[in-house]
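Data first, discussion second: the structure below is written as structure tokens.
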Amino acid sequence: MADSVDKDGFTLTEEVQRRRTFAIISHPDAGKTTLTEKLLLYGGAIRLAGSVKARKASKHAVSDWMEIEKQRGISVTSSVLQFDYDGYRINILDTPGHQDFSEDTYRTLMAADSAVMLIDAAKGVEDQTVKLFRVCRQRGIPIFTFVNKLDRHGRNPFELVEELEKVLDIRAYPVNWPVGEEGAYKGVYNRKLAQVEMFEGDAKHGQWAMPSTLGRVDDPAFAEVLGEEAHRQLCEDIELLDMAGDEFDLAKVRAGELTPMFFGSALTNFGVQPFLEEFLRLAPPPRGRRSTEGDIDPESERFSAFVFKIQANMNPTHRDRLAFIRIVSGRFERGMVVRHVPSGKMVKLAQPQQFMAQERTIIDEAYPGDVIGLFDPGIFGIGDTLCVDNKGFSFEDFPVFPPEHFARVQAKDTMKRKQFIKGMTQLTQEGAVQVFRQPEIGVEAFIVGAVGMLQLEVLEYRLKGEYGVDIELRNLPYSVARWLEGDNIGKKPLKGMDSAMIIHDRYDQPVALFRNEWSLRYATEQNSSVNFALAPSRK
Ligand code: G4P
């Protein structure tokens, strides 16, 4: 059984080993859409650049999920793109960027085995990148850095290496290095192969994959091509990197302590293919996950998966939801019956959907590392485990991410209280927002917290559309939440908390809301016996 092959002629082990599942993390406008498109282009999944871009501009052409998405022309939720390259099967988890930054963006990282951190060469490490990086770091997810827009004037590459180390506290190993004068680069030098990879002209804005020219750095022909000055500069840079830089260490890369760093330009294809090839070689295949029964090995024959995202369809004529699952172990087959662990119910996985570039297709089989969308009969919640074991096990608790936007919500019409509570309960279970209670105000109103503002708008929209409840939503002036831990919590009043507010999460654990990081720091100094935790520590 273990050695049986599938329709592509691969064993389960081979299917696992050839998969790479990753997310691209970046700040808006760094070029994620463009890079994704170029990766698909090299993978042959699309022939002409522009298709993913078009998807970004008119999301509703592909998805009819959310009315709000159409109205605002942005993507509220994320999906996955699958393609093949050189024998590898690649899953790119699409994380929403822009104003729609939300918990979904973080949750998507739970399904990834590695992350590509995309940085604009002129801007360096930006806000949203830092937030996403931290989540990867906490989870020990290996991070690969792609410095983009090298065709334009950018910051000095040494400065960027230093910034990664200072701002993100991660060591960096430049795998390649820009060649040419700052802002007018002609190619990259590949340190491992000791080769200069030159790129030709503008290639019609990089719509087609481009051949690269290879040669050794000390080849005099290159001094001629690059010019004396650029060649001398390159030789000096490389010498400095070899002497003063970190050494390459795959174990550190896999542990998320060292980030291989690549320079290129997604728009002009500059350095994209060498990046892809090296990334595929260095990035880990699907990892197992911890569970109540110990570590689950991806190559085990027994199927298991967890839900990491739920996407509601706002079309009132078919109110279905899609639950996105990440397969952890075993072979998935269409129509298989699995145990939904939290409810104990057996569920038939009848219409599994997968996403290839722009199309949704029904699939017959899938393997660890793959993500599929299942029609949700209304039982799935974020973090739920699916498996085929008789008694069932659960994967490690899905993390809660600290919200940054808060509002008090209540039903406008008190007669609708019942629907309001039902809607709030279901939408919380689905992971749309986090709900808190303020002990003094009972159940008439809730405090809701979200990672992104848009989540609050979606909540308002869905309560009206799906539960017929108009709500009053009043924004609160807090932006930092910390879970309070310590022996004296609740017994003695905390000091320095005048402008803070204490609420309770749904497990009744106290959470303090602060206006800003400064107030948090002050409270932390005043209450040394209290731990202000970023996330609840319950099991
Ligand atoms: P995002 O998904 O991270 O938000 O970024 P996106 O790919 O949409 O890229 C943001 C802008 O940066 C786009 O320009 C895109 O063309 C440009 N860009 C991406 N990669 C490169 C690169 O390597 N070099 C240069 N010079 N620009 C790059 P735009 O003007 O906003 O859009 P468009 O008019 O080009 O579509």
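FYI, nothing fancy with the structure tokens labels: chains A, B, ... in order, residues from 1 per chain, ligands from 1 as they appear.
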
Check your understanding: Counting only C-alpha atoms and all ligand atoms, which protein, DNA or RNA residues come within 8 Å of ligand 1, given as a PyMOL selection string?
Key -> chain A and resi 26-36+53+56+97-98+148-152+264-270

Dump of N, CA and C atoms for the selected residues, as an mmCIF file, in the first residue's frame:
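New file out-v3.cif:
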data_model
loop_
_atom_site.group_PDB
_atom_site.id
_atom_site.type_symbol
_atom_site.label_atom_id
_atom_site.label_comp_id
_atom_site.auth_asym_id
_atom_site.auth_seq_id
_atom_site.Cartn_x
_atom_site.Cartn_y
_atom_site.Cartn_z
ATOM 1 N N SER A 26 4.193 40.762 2.242
ATOM 2 C CA SER A 26 4.753 42.041 1.796
ATOM 3 C C SER A 26 3.846 43.177 2.205
ATOM 4 N N HIS A 27 4.329 44.373 1.994
ATOM 5 C CA HIS A 27 3.537 45.568 2.211
ATOM 6 C C HIS A 27 2.853 45.874 0.878
ATOM 7 N N PRO A 28 1.650 46.476 0.895
ATOM 8 C CA PRO A 28 1.004 46.802 -0.368
ATOM 9 C C PRO A 28 1.938 47.546 -1.323
ATOM 10 N N ASP A 29 1.849 47.192 -2.593
ATOM 11 C CA ASP A 29 2.601 47.833 -3.678
ATOM 12 C C ASP A 29 4.052 47.393 -3.816
ATOM 13 N N ALA A 30 4.473 46.439 -3.005
ATOM 14 C CA ALA A 30 5.854 45.954 -3.145
ATOM 15 C C ALA A 30 5.991 45.121 -4.415
ATOM 16 N N GLY A 31 4.843 44.606 -4.925
ATOM 17 C CA GLY A 31 4.903 43.859 -6.186
ATOM 18 C C GLY A 31 4.464 42.402 -6.058
ATOM 19 N N LYS A 32 3.645 42.106 -5.051
ATOM 20 C CA LYS A 32 3.237 40.714 -4.835
ATOM 21 C C LYS A 32 2.441 40.159 -6.018
ATOM 22 N N THR A 33 1.511 40.965 -6.507
ATOM 23 C CA THR A 33 0.700 40.491 -7.633
ATOM 24 C C THR A 33 1.601 40.222 -8.835
ATOM 25 N N THR A 34 2.531 41.139 -9.074
ATOM 26 C CA THR A 34 3.429 40.987 -10.217
ATOM 27 C C THR A 34 4.314 39.756 -10.050
ATOM 28 N N LEU A 35 4.857 39.549 -8.877
ATOM 29 C CA LEU A 35 5.727 38.386 -8.668
ATOM 30 C C LEU A 35 4.933 37.085 -8.803
ATOM 31 N N THR A 36 3.743 37.048 -8.213
ATOM 32 C CA THR A 36 2.903 35.852 -8.307
ATOM 33 C C THR A 36 2.684 35.511 -9.773
ATOM 34 N N LYS A 53 -2.979 40.222 -12.683
ATOM 35 C CA LYS A 53 -3.199 41.650 -12.512
ATOM 36 C C LYS A 53 -4.663 41.989 -12.792
ATOM 37 N N LYS A 56 -6.745 41.121 -10.034
ATOM 38 C CA LYS A 56 -6.672 42.058 -8.932
ATOM 39 C C LYS A 56 -7.607 43.233 -9.195
ATOM 40 N N GLY A 97 -3.775 41.848 0.852
ATOM 41 C CA GLY A 97 -2.834 42.909 1.248
ATOM 42 C C GLY A 97 -3.551 44.161 1.714
ATOM 43 N N HIS A 98 -3.499 45.137 0.975
ATOM 44 C CA HIS A 98 -4.119 46.458 1.159
ATOM 45 C C HIS A 98 -4.955 46.718 2.404
ATOM 46 N N ASN A 148 12.684 43.482 -4.456
ATOM 47 C CA ASN A 148 12.090 43.736 -5.765
ATOM 48 C C ASN A 148 12.360 45.151 -6.290
ATOM 49 N N LYS A 149 12.076 45.337 -7.533
ATOM 50 C CA LYS A 149 12.170 46.631 -8.234
ATOM 51 C C LYS A 149 13.613 47.086 -8.401
ATOM 52 N N LEU A 150 14.463 46.125 -8.672
ATOM 53 C CA LEU A 150 15.871 46.433 -8.850
ATOM 54 C C LEU A 150 16.144 47.192 -10.152
ATOM 55 N N ASP A 151 15.132 47.236 -11.018
ATOM 56 C CA ASP A 151 15.291 47.978 -12.268
ATOM 57 C C ASP A 151 15.253 49.484 -12.024
ATOM 58 N N ARG A 152 14.769 49.857 -10.844
ATOM 59 C CA ARG A 152 14.693 51.280 -10.531
ATOM 60 C C ARG A 152 15.745 51.631 -9.493
ATOM 61 N N GLY A 264 16.077 41.193 -7.396
ATOM 62 C CA GLY A 264 15.515 41.048 -8.730
ATOM 63 C C GLY A 264 14.444 42.072 -9.020
ATOM 64 N N SER A 265 13.775 41.861 -10.107
ATOM 65 C CA SER A 265 12.684 42.752 -10.476
ATOM 66 C C SER A 265 11.579 41.923 -11.102
ATOM 67 N N ALA A 266 10.461 41.859 -10.407
ATOM 68 C CA ALA A 266 9.354 41.037 -10.886
ATOM 69 C C ALA A 266 8.829 41.572 -12.218
ATOM 70 N N LEU A 267 8.782 42.880 -12.333
ATOM 71 C CA LEU A 267 8.198 43.480 -13.528
ATOM 72 C C LEU A 267 8.991 43.134 -14.785
ATOM 73 N N THR A 268 10.328 43.170 -14.685
ATOM 74 C CA THR A 268 11.130 42.922 -15.877
ATOM 75 C C THR A 268 11.710 41.498 -15.907
ATOM 76 N N ASN A 269 11.265 40.638 -14.998
ATOM 77 C CA ASN A 269 11.694 39.230 -14.910
ATOM 78 C C ASN A 269 13.127 39.046 -14.419
ATOM 79 N N PHE A 270 13.740 40.097 -14.053
ATOM 80 C CA PHE A 270 15.128 40.159 -13.648
ATOM 81 C C PHE A 270 15.333 39.314 -12.372
#

Exercise for review: Per DSSP on the backbone, filter region 263-459 of chain A down to the residues in strand (DSSP E or B) and report them as JSON, numbers by chain.
Suggested key: {"A": [263, 265, 270, 289, 290, 291, 294, 295, 296, 304, 305, 306, 307, 308, 309, 310, 311, 312, 321, 322, 323, 324, 325, 326, 327, 328, 329, 332, 333, 337, 338, 339, 340, 345, 346, 347, 348, 353, 354, 355, 356, 359, 360, 361, 362, 365, 366, 371, 372, 373, 374, 375, 376, 385, 386, 387, 395, 405, 406, 407, 408, 409, 410, 411, 434, 435, 436, 437, 445, 446, 447, 448, 449, 450]}

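When CA of Ala523 (chain A) is paired with CA of Ile502 (chain A), their separation reads 12.5 Å.
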
At a cut-off of 12 Å, using only C-alpha atoms, what residues contact region 9-18 of chain A? Leave out same-chain residues fewer than 5 positions from it and give the result as a PDB file with C-alpha atoms, in the first residue's frame.
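The file below, out-v2.pdb, is the result:
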ATOM      1  CA  MET A   1       0.000   0.000   0.000  1.00  0.00           C
ATOM      2  CA  ALA A   2       2.747   2.435   1.017  1.00  0.00           C
ATOM      3  CA  ASP A   3       4.442   1.974  -2.332  1.00  0.00           C
ATOM      4  CA  SER A   4       1.343   2.151  -4.500  1.00  0.00           C
ATOM      5  CA  PHE A  83       1.107  25.117 -10.570  1.00  0.00           C
ATOM      6  CA  ASP A  84       3.965  22.790 -11.526  1.00  0.00           C
ATOM      7  CA  TYR A  85       7.575  23.654 -12.195  1.00  0.00           C
ATOM      8  CA  ASP A  86      10.411  21.266 -12.883  1.00  0.00           C
ATOM      9  CA  GLY A  87       8.716  18.347 -11.192  1.00  0.00           C
ATOM     10  CA  TYR A  88       7.643  20.373  -8.169  1.00  0.00           C
ATOM     11  CA  ARG A  89       4.027  21.048  -7.334  1.00  0.00           C
ATOM     12  CA  ILE A  90       3.721  24.541  -5.981  1.00  0.00           C
ATOM     13  CA  ASN A  91       0.936  26.029  -3.887  1.00  0.00           C
ATOM     14  CA  LEU A 280      12.296  25.312  -4.626  1.00  0.00           C
ATOM     15  CA  ARG A 281      15.536  23.574  -3.766  1.00  0.00           C
ATOM     16  CA  ALA A 283      12.328  25.465   0.853  1.00  0.00           C
ATOM     17  CA  PRO A 284      11.029  22.572   2.927  1.00  0.00           C
ATOM     18  CA  PRO A 285       8.420  20.094   1.702  1.00  0.00           C
ATOM     19  CA  PRO A 286       5.176  19.919   3.703  1.00  0.00           C
ATOM     20  CA  ARG A 287       5.758  19.748   7.420  1.00  0.00           C
ATOM     21  CA  GLY A 288       3.871  17.609   9.861  1.00  0.00           C
ATOM     22  CA  ASP A 297       3.838  12.700   9.818  1.00  0.00           C
ATOM     23  CA  PRO A 298       2.772  13.997   6.382  1.00  0.00           C
ATOM     24  CA  GLU A 299       3.779  10.695   4.827  1.00  0.00           C
ATOM     25  CA  SER A 300       1.494   8.665   7.047  1.00  0.00           C
ATOM     26  CA  GLU A 301      -1.201   6.918   5.007  1.00  0.00           C
ATOM     27  CA  ARG A 302      -4.019   8.213   7.157  1.00  0.00           C
ATOM     28  CA  PHE A 303      -5.625  11.391   5.919  1.00  0.00           C
ATOM     29  CA  ILE A 327      -3.979  18.673   4.136  1.00  0.00           C
ATOM     30  CA  VAL A 328      -1.482  17.502   6.741  1.00  0.00           C
ATOM     31  CA  SER A 329      -1.158  13.791   6.042  1.00  0.00           C
ATOM     32  CA  GLY A 330      -2.272  10.982   3.758  1.00  0.00           C
ATOM     33  CA  ARG A 331      -4.039  10.980   0.453  1.00  0.00           C
ATOM     34  CA  PHE A 332      -7.251  12.896  -0.074  1.00  0.00           C
ATOM     35  CA  GLU A 365      -7.170  13.722  -5.196  1.00  0.00           C
ATOM     36  CA  ALA A 366      -4.850  15.912  -3.207  1.00  0.00           C
ATOM     37  CA  TYR A 367      -1.833  15.515  -0.932  1.00  0.00           C
ATOM     38  CA  PRO A 368      -0.172  17.018   2.125  1.00  0.00           C
ATOM     39  CA  GLY A 369       0.643  20.675   1.499  1.00  0.00           C
ATOM     40  CA  ASP A 370      -2.383  21.108  -0.773  1.00  0.00           C
TER      41      ASP A 370
END

Exercise for review: Extract, using only C-alpha atoms, all DNA, RNA and protein residues at most 8 Å from Arg515 (chain A), discarding same-chain residues fewer than 6 positions from it, and format them as a ChimeraX atom specification.
Suggested key: /A:477-480,499-500

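A straight line drawn from CA of Leu322 (chain A) to CA of Ile372 (chain A) is 9.4 Å long.
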
As a CSV table (one decimal) with C-alpha atoms, in the first residue's frame, please: the residues near Thr428 (chain A) (cut-off 12 Å, only C-alpha atoms, same-chain neighbours under 3 positions excluded).
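Saved file result.csv follows:
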chain,number,residue,atom,x,y,z
A,310,ILE,CA,-13.9,30.1,6.0
A,380,PHE,CA,-16.8,23.9,10.2
A,381,GLY,CA,-14.9,26.4,12.4
A,382,ILE,CA,-11.4,27.9,12.1
A,421,ILE,CA,-26.8,37.1,19.4
A,422,LYS,CA,-27.2,34.2,17.0
A,423,GLY,CA,-25.4,36.1,14.2
A,424,MET,CA,-22.6,37.3,16.5
A,425,THR,CA,-22.1,33.7,17.8
A,431,GLY,CA,-13.6,33.7,12.7
A,432,ALA,CA,-15.0,36.9,11.1
A,433,VAL,CA,-14.2,38.9,14.2
A,434,GLN,CA,-13.2,38.3,17.8
A,435,VAL,CA,-15.8,38.9,20.4
A,436,PHE,CA,-15.3,40.3,23.9
A,446,PHE,CA,-20.5,43.2,22.5
A,447,ILE,CA,-17.0,44.6,22.1
A,448,VAL,CA,-15.6,43.3,18.8
A,449,GLY,CA,-12.0,43.3,17.8
A,450,ALA,CA,-10.5,42.8,14.4
A,455,GLN,CA,-13.5,43.0,9.1
A,456,LEU,CA,-15.8,45.4,11.0
A,459,LEU,CA,-19.5,42.1,10.1
A,462,ARG,CA,-23.3,40.3,7.0
A,463,LEU,CA,-25.4,40.8,10.1
A,505,ASP,CA,-12.5,37.2,25.8
A,506,ARG,CA,-15.0,34.4,25.2

Exercise for review: Would you mind telling me which residue in A:Met110, A:Ile489, A:Ala121, A:Leu41 lies nearest to Arg137 (chain A) when using only C-alpha atoms?
Suggested key: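 Closest residue, counting only C-alpha atoms: A:Met110.
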
Revision key, fill the gap. What separates CA of Gly344 (chain A) and CA of Val400 (chain A) is a distance of 23.5 Å

Exercise for review: Using DSSP on the backbone coordinates, identify the residues of region 255-502 of chain A assigned to helix (DSSP H, G or I); present them as a ChimeraX atom specification.
Suggested key: /A:272-282,414-429,439-441,453-467

Using N, CA and C atoms, can you write the selected residues to a file as a compact mmCIF listing (two decimals), in the first residue's frame?
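For reference, out_22.txt as written:
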# COMPACT_ATOMS: atom_id res chain seq x y z
N VAL A 272 14.04 36.49 -11.51
CA VAL A 272 12.89 35.74 -10.99
C VAL A 272 13.08 34.23 -11.11
N GLN A 273 13.54 33.79 -12.28
CA GLN A 273 13.68 32.35 -12.48
C GLN A 273 14.78 31.74 -11.59
N PRO A 274 15.95 32.38 -11.50
CA PRO A 274 16.96 31.83 -10.57
C PRO A 274 16.43 31.79 -9.14
N PHE A 275 15.65 32.80 -8.80
CA PHE A 275 15.06 32.80 -7.45
C PHE A 275 14.15 31.60 -7.27
N LEU A 276 13.26 31.40 -8.22
CA LEU A 276 12.30 30.30 -8.13
C LEU A 276 13.03 28.97 -7.98
N GLU A 277 14.06 28.78 -8.80
CA GLU A 277 14.75 27.48 -8.79
C GLU A 277 15.47 27.23 -7.46
N GLU A 278 16.13 28.25 -6.96
CA GLU A 278 16.85 28.10 -5.70
C GLU A 278 15.86 27.95 -4.54
N PHE A 279 14.81 28.73 -4.60
CA PHE A 279 13.78 28.65 -3.56
C PHE A 279 13.22 27.22 -3.47
N LEU A 280 12.89 26.65 -4.62
CA LEU A 280 12.30 25.31 -4.63
C LEU A 280 13.26 24.28 -4.03
N ARG A 281 14.53 24.50 -4.26
CA ARG A 281 15.54 23.57 -3.77
C ARG A 281 15.70 23.69 -2.24
N LEU A 282 15.64 24.93 -1.75
CA LEU A 282 15.92 25.16 -0.33
C LEU A 282 14.69 25.10 0.57
N THR A 414 -34.09 46.53 19.55
CA THR A 414 -33.89 45.57 20.64
C THR A 414 -34.73 44.31 20.45
N MET A 415 -35.79 44.40 19.62
CA MET A 415 -36.60 43.22 19.35
C MET A 415 -35.81 42.17 18.57
N LYS A 416 -34.74 42.59 17.94
CA LYS A 416 -33.94 41.67 17.11
C LYS A 416 -32.80 41.04 17.92
N ARG A 417 -32.88 41.14 19.22
CA ARG A 417 -31.77 40.71 20.06
C ARG A 417 -31.37 39.25 19.82
N LYS A 418 -32.40 38.43 19.65
CA LYS A 418 -32.11 37.00 19.47
C LYS A 418 -31.30 36.72 18.20
N GLN A 419 -31.75 37.33 17.11
CA GLN A 419 -31.02 37.14 15.85
C GLN A 419 -29.61 37.73 15.96
N PHE A 420 -29.54 38.85 16.67
CA PHE A 420 -28.26 39.52 16.84
C PHE A 420 -27.27 38.59 17.54
N ILE A 421 -27.72 37.98 18.62
CA ILE A 421 -26.82 37.09 19.38
C ILE A 421 -26.46 35.87 18.54
N LYS A 422 -27.46 35.34 17.81
CA LYS A 422 -27.19 34.18 16.95
C LYS A 422 -26.14 34.53 15.89
N GLY A 423 -26.34 35.67 15.25
CA GLY A 423 -25.41 36.11 14.21
C GLY A 423 -24.01 36.32 14.77
N MET A 424 -23.94 36.99 15.89
CA MET A 424 -22.64 37.25 16.49
C MET A 424 -21.94 35.94 16.84
N THR A 425 -22.72 34.99 17.39
CA THR A 425 -22.12 33.72 17.79
C THR A 425 -21.59 32.96 16.58
N GLN A 426 -22.42 32.91 15.53
CA GLN A 426 -21.98 32.14 14.35
C GLN A 426 -20.81 32.80 13.63
N LEU A 427 -20.87 34.12 13.54
CA LEU A 427 -19.79 34.80 12.82
C LEU A 427 -18.47 34.74 13.60
N THR A 428 -18.58 34.67 14.91
CA THR A 428 -17.35 34.54 15.70
C THR A 428 -16.75 33.15 15.51
N GLN A 429 -17.64 32.15 15.49
CA GLN A 429 -17.16 30.78 15.30
C GLN A 429 -16.48 30.64 13.93
N PRO A 439 -17.88 43.19 31.29
CA PRO A 439 -18.74 42.66 32.33
C PRO A 439 -19.89 43.60 32.71
N GLU A 440 -19.64 44.91 32.72
CA GLU A 440 -20.68 45.86 33.18
C GLU A 440 -21.85 45.97 32.21
N ILE A 441 -21.66 45.64 30.94
CA ILE A 441 -22.76 45.93 30.01
C ILE A 441 -23.57 44.70 29.58
N MET A 453 -9.70 46.94 9.66
CA MET A 453 -10.95 47.71 9.71
C MET A 453 -12.05 47.07 8.88
N LEU A 454 -11.64 46.51 7.75
CA LEU A 454 -12.63 45.98 6.83
C LEU A 454 -13.45 44.85 7.46
N GLN A 455 -12.82 44.13 8.40
CA GLN A 455 -13.55 43.04 9.05
C GLN A 455 -14.80 43.59 9.76
N LEU A 456 -14.69 44.80 10.32
CA LEU A 456 -15.83 45.39 11.01
C LEU A 456 -16.93 45.74 10.02
N GLU A 457 -16.52 46.24 8.86
CA GLU A 457 -17.51 46.55 7.82
C GLU A 457 -18.20 45.28 7.33
N VAL A 458 -17.40 44.23 7.18
CA VAL A 458 -17.97 42.96 6.72
C VAL A 458 -18.97 42.44 7.76
N LEU A 459 -18.62 42.59 9.03
CA LEU A 459 -19.52 42.14 10.11
C LEU A 459 -20.87 42.85 10.01
N GLU A 460 -20.83 44.15 9.85
CA GLU A 460 -22.05 44.95 9.76
C GLU A 460 -22.89 44.50 8.56
N TYR A 461 -22.21 44.30 7.46
CA TYR A 461 -22.86 43.92 6.22
C TYR A 461 -23.50 42.53 6.34
N ARG A 462 -22.77 41.62 6.93
CA ARG A 462 -23.29 40.26 7.02
C ARG A 462 -24.40 40.12 8.04
N LEU A 463 -24.32 40.87 9.13
CA LEU A 463 -25.40 40.78 10.13
C LEU A 463 -26.70 41.25 9.49
N LYS A 464 -26.60 42.24 8.65
CA LYS A 464 -27.80 42.74 7.98
C LYS A 464 -28.27 41.76 6.90
N GLY A 465 -27.33 41.33 6.07
CA GLY A 465 -27.67 40.47 4.94
C GLY A 465 -28.12 39.08 5.35
N GLU A 466 -27.45 38.48 6.33
CA GLU A 466 -27.73 37.08 6.65
C GLU A 466 -28.65 36.91 7.85
N TYR A 467 -28.68 37.89 8.73
CA TYR A 467 -29.49 37.73 9.94
C TYR A 467 -30.56 38.81 10.08

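Using only C-alpha atoms, the shortest contact distance between Ile24 (chain A) and any of A:Phe144, A:Lys309, A:Gly44, A:Val188 is found at A:Phe144.
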
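When only C-alpha atoms are used to compute distances to Pro260 (chain A), the closest of the residues A:Leu240, A:Leu473, A:Ile170, A:Val5 turns out to be A:Ile170.
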
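Distances to Ala312 (chain A) were evaluated for A:Val347, A:Val147, A:Leu374, A:Ile119 using only C-alpha atoms, and the minimum falls at A:Leu374.
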
**Study point:** Counting only C-alpha atoms, the residue of A:Met198, A:Leu234, A:Ile143, A:Ala221 that sits nearest Lys252 (chain A)
**Key:** A:Ile143

Practice item. Tell me which of A:Glu126, A:Pro342, A:Gly271, A:Arg521 sits closest to Glu163 (chain A), counting only C-alpha atoms. Key: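 Nearest to Glu163 (chain A): A:Glu126.
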
Using 12 Å as the limit and counting only C-alpha atoms, can you tabulate each residue of region 108-175 of chain A that touches region 388-398 of chain A, with its shortest atom-to-atom distance in Å and the two atoms involved, as a tab-separated table?
residue	atom	partner	partner_atom	distance
A:Thr108	CA	A:Phe398	CA	11.4
A:Leu109	CA	A:Phe398	CA	11.3
A:Met110	CA	A:Phe398	CA	8.2
A:Ala111	CA	A:Phe398	CA	10.8
A:Arg139	CA	A:Phe398	CA	11.3
